[in-house]
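**Q** Here's a structure for you.
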Amino acid sequence: QWAFKMIIKLAGIELTVIGEENISEGPVLYIGNHRSFFDVPITYPRCPIRTGYIAKKEMEKVPLLSTWMKRLHCLFLDRNDLKQGLKTILTAIEKVKSGISICIFPEGTRNNGEELSMLPFRDGALKIAEKTGCAIIPISMNNTADIFEAHFPRVKKVHVVIEYGKPIYPKELDKETRKHLGIYCHDLIQDTIKKNASLI
């Protein structure tokens, strides 16, 4: 957490954080939109220490980094292998049951589209909340791509808005909403991003 805070400071990122009271000390599933490599350094310092991220399988091949990530309860998801992907989700379920929160970006990859756009959510990750009964905490981030990706390779000092939404308990939703939980969560984050665009 200290290292990520230093990265944010050195990059000159100005953060506006909304809904920080919705962050839970107990095990939850954090889900958010994904536009930048900086999404993890921005969100991780606010998570309780026992929080693991689900990253793409390719990250596991990076020496030292992968070892460090595993020590932080991170899991690696093979997006091209359904069987291995299911094993990763099952492992995440066990981690939540043992008291460790999980954070994932259900778009599956960084979205390089228009600033307020989002890719469709992959619903598999939401099974973590459905099978454990834990809350889903939506994370909405504005302007993270402008830190780095929008003008690679230069890092730019920008203003980023991050909002943590109120906990969502799948079992408390009506049957039709539960059936389309991915769309429900996607649209909630999408609406929040659009709302917060005026704060940039």
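Going by the structure tokens order, chains are called A, B, ..., each with residues numbered from 1, while ligands are numbered from 1 in the order shown.
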Which residues come within 9 Å of A:Asn143, counting only C-alpha atoms, excluding same-chain residues fewer than 5 positions away, as a PyMOL selection string?
**A** chain A and resi 35+115-116+158-161+197+200
**Q** Could you write out the selected residues, including C-alpha atoms, as a compact mmCIF listing (two decimals), in the first residue's frame?
**A**
```
# COMPACT_ATOMS: atom_id res chain seq x y z
CA ARG A 35 -8.91 1.80 -18.52
CA GLU A 115 -13.61 7.99 -22.06
CA LEU A 116 -17.15 7.40 -20.77
CA VAL A 158 -4.21 14.58 -13.95
CA HIS A 159 -7.29 14.69 -11.77
CA VAL A 160 -8.92 11.30 -11.20
CA VAL A 161 -12.33 10.70 -9.63
CA ALA A 197 -17.51 13.35 -15.60
CA ILE A 200 -12.93 16.37 -13.85
```
**Q** Report the residues of stretch 48-144 of chain A whose backbone DSSP state falls under helix (DSSP H, G or I), written as a VMD selection string.
**A** chain A and resid 57 to 61 65 to 71 82 to 97 123 to 132 144
**Q** Could you name the residues that touch A:Ile139 at 9 Å or less, counting only C-alpha atoms, but leaving out those on the same chain fewer than 4 positions away, as number ranges by chain?
**A** A: 30-33, 43, 162-165, 189
**Q** Go through A:Leu72, A:Ala129, A:Val28, A:Val40 and flag the residue nearest A:Phe4, using only C-alpha atoms for the distances.
**A**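 Selected residue with least distance to A:Phe4: A:Val40.
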**Q** Which neighbours of A:Lys127 fall inside 9 Å, counting only C-alpha atoms, when residues of the same chain fewer than 6 positions from it are skipped, and could you give them as number ranges by chain?
**A** A: 89-90, 93
**Q** Residues of the last selection are to be written out with all heavy atoms, as an mmCIF file, in the first residue's frame.
**A**
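result12.cif written:
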```cif
data_model
loop_
_atom_site.group_PDB
_atom_site.id
_atom_site.type_symbol
_atom_site.label_atom_id
_atom_site.label_comp_id
_atom_site.auth_asym_id
_atom_site.auth_seq_id
_atom_site.Cartn_x
_atom_site.Cartn_y
_atom_site.Cartn_z
ATOM 1 N N ILE A 89 -11.904 -18.909 -10.531
ATOM 2 C CA ILE A 89 -13.088 -18.378 -9.846
ATOM 3 C C ILE A 89 -13.377 -19.194 -8.581
ATOM 4 O O ILE A 89 -13.700 -18.628 -7.526
ATOM 5 C CB ILE A 89 -14.315 -18.396 -10.781
ATOM 6 C CG1 ILE A 89 -14.083 -17.462 -11.979
ATOM 7 C CG2 ILE A 89 -15.575 -17.972 -10.027
ATOM 8 C CD1 ILE A 89 -13.807 -16.020 -11.616
ATOM 9 N N LEU A 90 -13.227 -20.510 -8.660
ATOM 10 C CA LEU A 90 -13.448 -21.360 -7.489
ATOM 11 C C LEU A 90 -12.431 -21.055 -6.388
ATOM 12 O O LEU A 90 -12.764 -21.046 -5.203
ATOM 13 C CB LEU A 90 -13.380 -22.835 -7.889
ATOM 14 C CG LEU A 90 -14.530 -23.347 -8.770
ATOM 15 C CD1 LEU A 90 -14.265 -24.785 -9.213
ATOM 16 C CD2 LEU A 90 -15.866 -23.242 -8.039
ATOM 17 N N ILE A 93 -13.485 -17.901 -4.734
ATOM 18 C CA ILE A 93 -14.596 -18.168 -3.811
ATOM 19 C C ILE A 93 -14.060 -18.656 -2.465
ATOM 20 O O ILE A 93 -14.515 -18.217 -1.403
ATOM 21 C CB ILE A 93 -15.565 -19.204 -4.426
ATOM 22 C CG1 ILE A 93 -16.346 -18.554 -5.589
ATOM 23 C CG2 ILE A 93 -16.536 -19.741 -3.371
ATOM 24 C CD1 ILE A 93 -17.175 -19.532 -6.399
#
```
**Q** Measuring between only C-alpha atoms, which one of A:Lys95, A:His186, A:His180, A:Arg122 shows the shortest distance to A:Leu29?
**A**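 For A:Leu29, the nearest of the given residues is A:Lys95.
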**Q** Would you kindly return, as an MDAnalysis selection string, each protein, DNA or RNA residue with an atom no farther than 12 Å from any atom of A:Leu10, considering only C-alpha atoms and excluding same-chain residues fewer than 2 positions away?
**A** chainID A and resid 3:8 12:14 41 147 155:158
